Amino acid sequence: MSVRMALLLPLIFSLMIHRVSSAGWGGNYRPSHICALKNSSVIMSCNYTYPTGHKIKKVFWTKTPVKDGSKESSEEGEQHKDLSEDPEYSQRLQYLGDKQNNCTIRLSHVTQKDEHMYYFRFITDDDDDDDNDVDDDDDSQEQTSDPGVTLTVTDLQVESPETVREGDSVRLTCKSSCTLTDRATFIWFRNSQPLTEKRDRKNQLQLQSVRREDAGRYSCGVQGHTYISPAVQLSVTC
């Protein structure tokens, strides 16, 4: 055996032991990035695994520390706070999972304040220090690079010319800051009345040969959701 191989064997053996000892711990989030409409409910789907023989004592979700523009909390207690015990979340967070392998949650009435990375943690019978976290290395690339679910919350804004002439064609666009994760059917309103014939998965409203009657305040929303964008005025001139 060469001297080089003799030196490498302990390292290889150490890596093999580490891989065996950590095998079985893991978490999987799908999707890992969510774009949700303001005031909607969000499902964060999650599954986790752990070696046979362990008993789960506690399961909970937490989030990254809050950023206030000048500093970021780095205290362990803040990083791993149980959201079900947080007054800002306790009435809006519902754990849909179990203590076996499902860690899915529902978060309702989301706003821009909820934009964080959320991740699941669990404590086993021999792990009171929270060492066995689902963001440990596993076979999922998503888990290695992104230990949880990143939530982005968007409102809607109508983009439209202020004034058009009779006979012109005009396109109004319902804009969001990110692409909604759930398939969205956009709906349109003129003067707060729904344009029932204008339902499409596309986020645009096309008006052909506009007339004076088409003038008004236009807003948009997503079918199945209560949130409606601020209205913008469209004027039609001769």
# chains A, B, ... in the order shown; residues from 1 in each chain; ligands from 1

call {"tool": "residues_around", "arguments": {"residues": "range 88-90 of chain A", "least_positions_apart": "4", "cutoff": "12 Å", "atoms": "only C-alpha atoms", "output": "JSON, numbers by chain"}}
result
{"A": [60, 61, 62, 63, 81, 82, 83, 84, 94, 95, 105, 106, 107, 108, 109, 110, 111, 113, 114]}

call {"tool": "write_last_selection", "arguments": {"atoms": "N, CA and C atoms", "output": "mmCIF file, in the first residue's frame"}}
result
data_model
loop_
_atom_site.group_PDB
_atom_site.id
_atom_site.type_symbol
_atom_site.label_atom_id
_atom_site.label_comp_id
_atom_site.auth_asym_id
_atom_site.auth_seq_id
_atom_site.Cartn_x
_atom_site.Cartn_y
_atom_site.Cartn_z
ATOM 1 N N PHE A 60 -42.450 21.872 14.921
ATOM 2 C CA PHE A 60 -42.863 23.273 14.825
ATOM 3 C C PHE A 60 -42.219 23.936 13.619
ATOM 4 N N TRP A 61 -42.799 25.066 13.223
ATOM 5 C CA TRP A 61 -42.263 25.877 12.138
ATOM 6 C C TRP A 61 -41.690 27.159 12.714
ATOM 7 N N THR A 62 -40.674 27.659 12.055
ATOM 8 C CA THR A 62 -40.051 28.897 12.474
ATOM 9 C C THR A 62 -39.708 29.715 11.226
ATOM 10 N N LYS A 63 -39.053 30.836 11.397
ATOM 11 C CA LYS A 63 -38.736 31.692 10.255
ATOM 12 C C LYS A 63 -37.391 32.353 10.476
ATOM 13 N N LYS A 81 -37.895 30.427 16.972
ATOM 14 C CA LYS A 81 -39.131 30.637 17.709
ATOM 15 C C LYS A 81 -40.268 29.865 17.065
ATOM 16 N N ASP A 82 -41.033 29.165 17.887
ATOM 17 C CA ASP A 82 -42.193 28.408 17.423
ATOM 18 C C ASP A 82 -43.280 29.400 17.003
ATOM 19 N N LEU A 83 -43.622 29.399 15.711
ATOM 20 C CA LEU A 83 -44.585 30.384 15.209
ATOM 21 C C LEU A 83 -45.972 30.201 15.805
ATOM 22 N N SER A 84 -46.299 28.981 16.229
ATOM 23 C CA SER A 84 -47.618 28.763 16.819
ATOM 24 C C SER A 84 -47.759 29.463 18.167
ATOM 25 N N GLN A 94 -52.034 27.081 10.853
ATOM 26 C CA GLN A 94 -52.644 25.785 11.154
ATOM 27 C C GLN A 94 -51.709 24.674 10.705
ATOM 28 N N TYR A 95 -51.326 23.826 11.638
ATOM 29 C CA TYR A 95 -50.459 22.694 11.318
ATOM 30 C C TYR A 95 -51.320 21.567 10.774
ATOM 31 N N ILE A 105 -48.257 23.010 6.517
ATOM 32 C CA ILE A 105 -48.993 24.028 7.276
ATOM 33 C C ILE A 105 -49.805 24.902 6.324
ATOM 34 N N ARG A 106 -50.793 25.602 6.910
ATOM 35 C CA ARG A 106 -51.546 26.628 6.184
ATOM 36 C C ARG A 106 -51.376 27.944 6.931
ATOM 37 N N LEU A 107 -51.035 28.994 6.187
ATOM 38 C CA LEU A 107 -50.918 30.338 6.744
ATOM 39 C C LEU A 107 -51.932 31.223 6.038
ATOM 40 N N SER A 108 -52.833 31.827 6.786
ATOM 41 C CA SER A 108 -53.928 32.596 6.188
ATOM 42 C C SER A 108 -53.699 34.100 6.339
ATOM 43 N N HIS A 109 -54.428 34.863 5.504
ATOM 44 C CA HIS A 109 -54.415 36.334 5.538
ATOM 45 C C HIS A 109 -52.984 36.892 5.468
ATOM 46 N N VAL A 110 -52.237 36.435 4.497
ATOM 47 C CA VAL A 110 -50.841 36.854 4.397
ATOM 48 C C VAL A 110 -50.737 38.296 3.898
ATOM 49 N N THR A 111 -49.717 38.980 4.375
ATOM 50 C CA THR A 111 -49.404 40.344 3.932
ATOM 51 C C THR A 111 -47.900 40.422 3.671
ATOM 52 N N LYS A 113 -45.751 41.746 5.376
ATOM 53 C CA LYS A 113 -44.997 41.525 6.610
ATOM 54 C C LYS A 113 -44.621 40.062 6.797
ATOM 55 N N ASP A 114 -45.306 39.186 6.091
ATOM 56 C CA ASP A 114 -45.052 37.751 6.220
ATOM 57 C C ASP A 114 -43.952 37.258 5.270
#

call {"tool": "closest_residue", "arguments": {"among": "A:Asn191, A:Gln206, A:Glu115, A:Tyr48", "to": "Asp98 in chain A", "atoms": "only C-alpha atoms"}}
result
A:Tyr48

call {"tool": "atom_distance", "arguments": {"atom1": "CA of Tyr218 in chain A", "atom2": "CA of Gln204 in chain A"}}
result
11.9 Å

call {"tool": "residues_around", "arguments": {"residues": "Met117 in chain A", "least_positions_apart": "2", "cutoff": "6 Å", "atoms": "only C-alpha atoms", "output": "VMD selection string"}}
result
chain A and resid 63 to 64 149 to 150

call {"tool": "write_last_selection", "arguments": {"atoms": "N, CA, C and O atoms", "output": "compact mmCIF listing (two decimals), in the first residue's frame"}}
result
# COMPACT_ATOMS: atom_id res chain seq x y z
N LYS A 63 -39.05 30.84 11.40
CA LYS A 63 -38.74 31.69 10.25
C LYS A 63 -37.39 32.35 10.48
O LYS A 63 -36.82 32.31 11.57
N THR A 64 -36.87 32.97 9.43
CA THR A 64 -35.63 33.71 9.53
C THR A 64 -35.85 34.95 10.41
O THR A 64 -36.97 35.44 10.54
N VAL A 149 -39.00 27.31 2.94
CA VAL A 149 -39.90 27.87 1.94
C VAL A 149 -39.80 29.39 1.98
O VAL A 149 -40.01 30.00 3.03
N THR A 150 -39.48 29.99 0.86
CA THR A 150 -39.43 31.44 0.77
C THR A 150 -40.78 31.96 0.31
O THR A 150 -41.27 31.58 -0.75
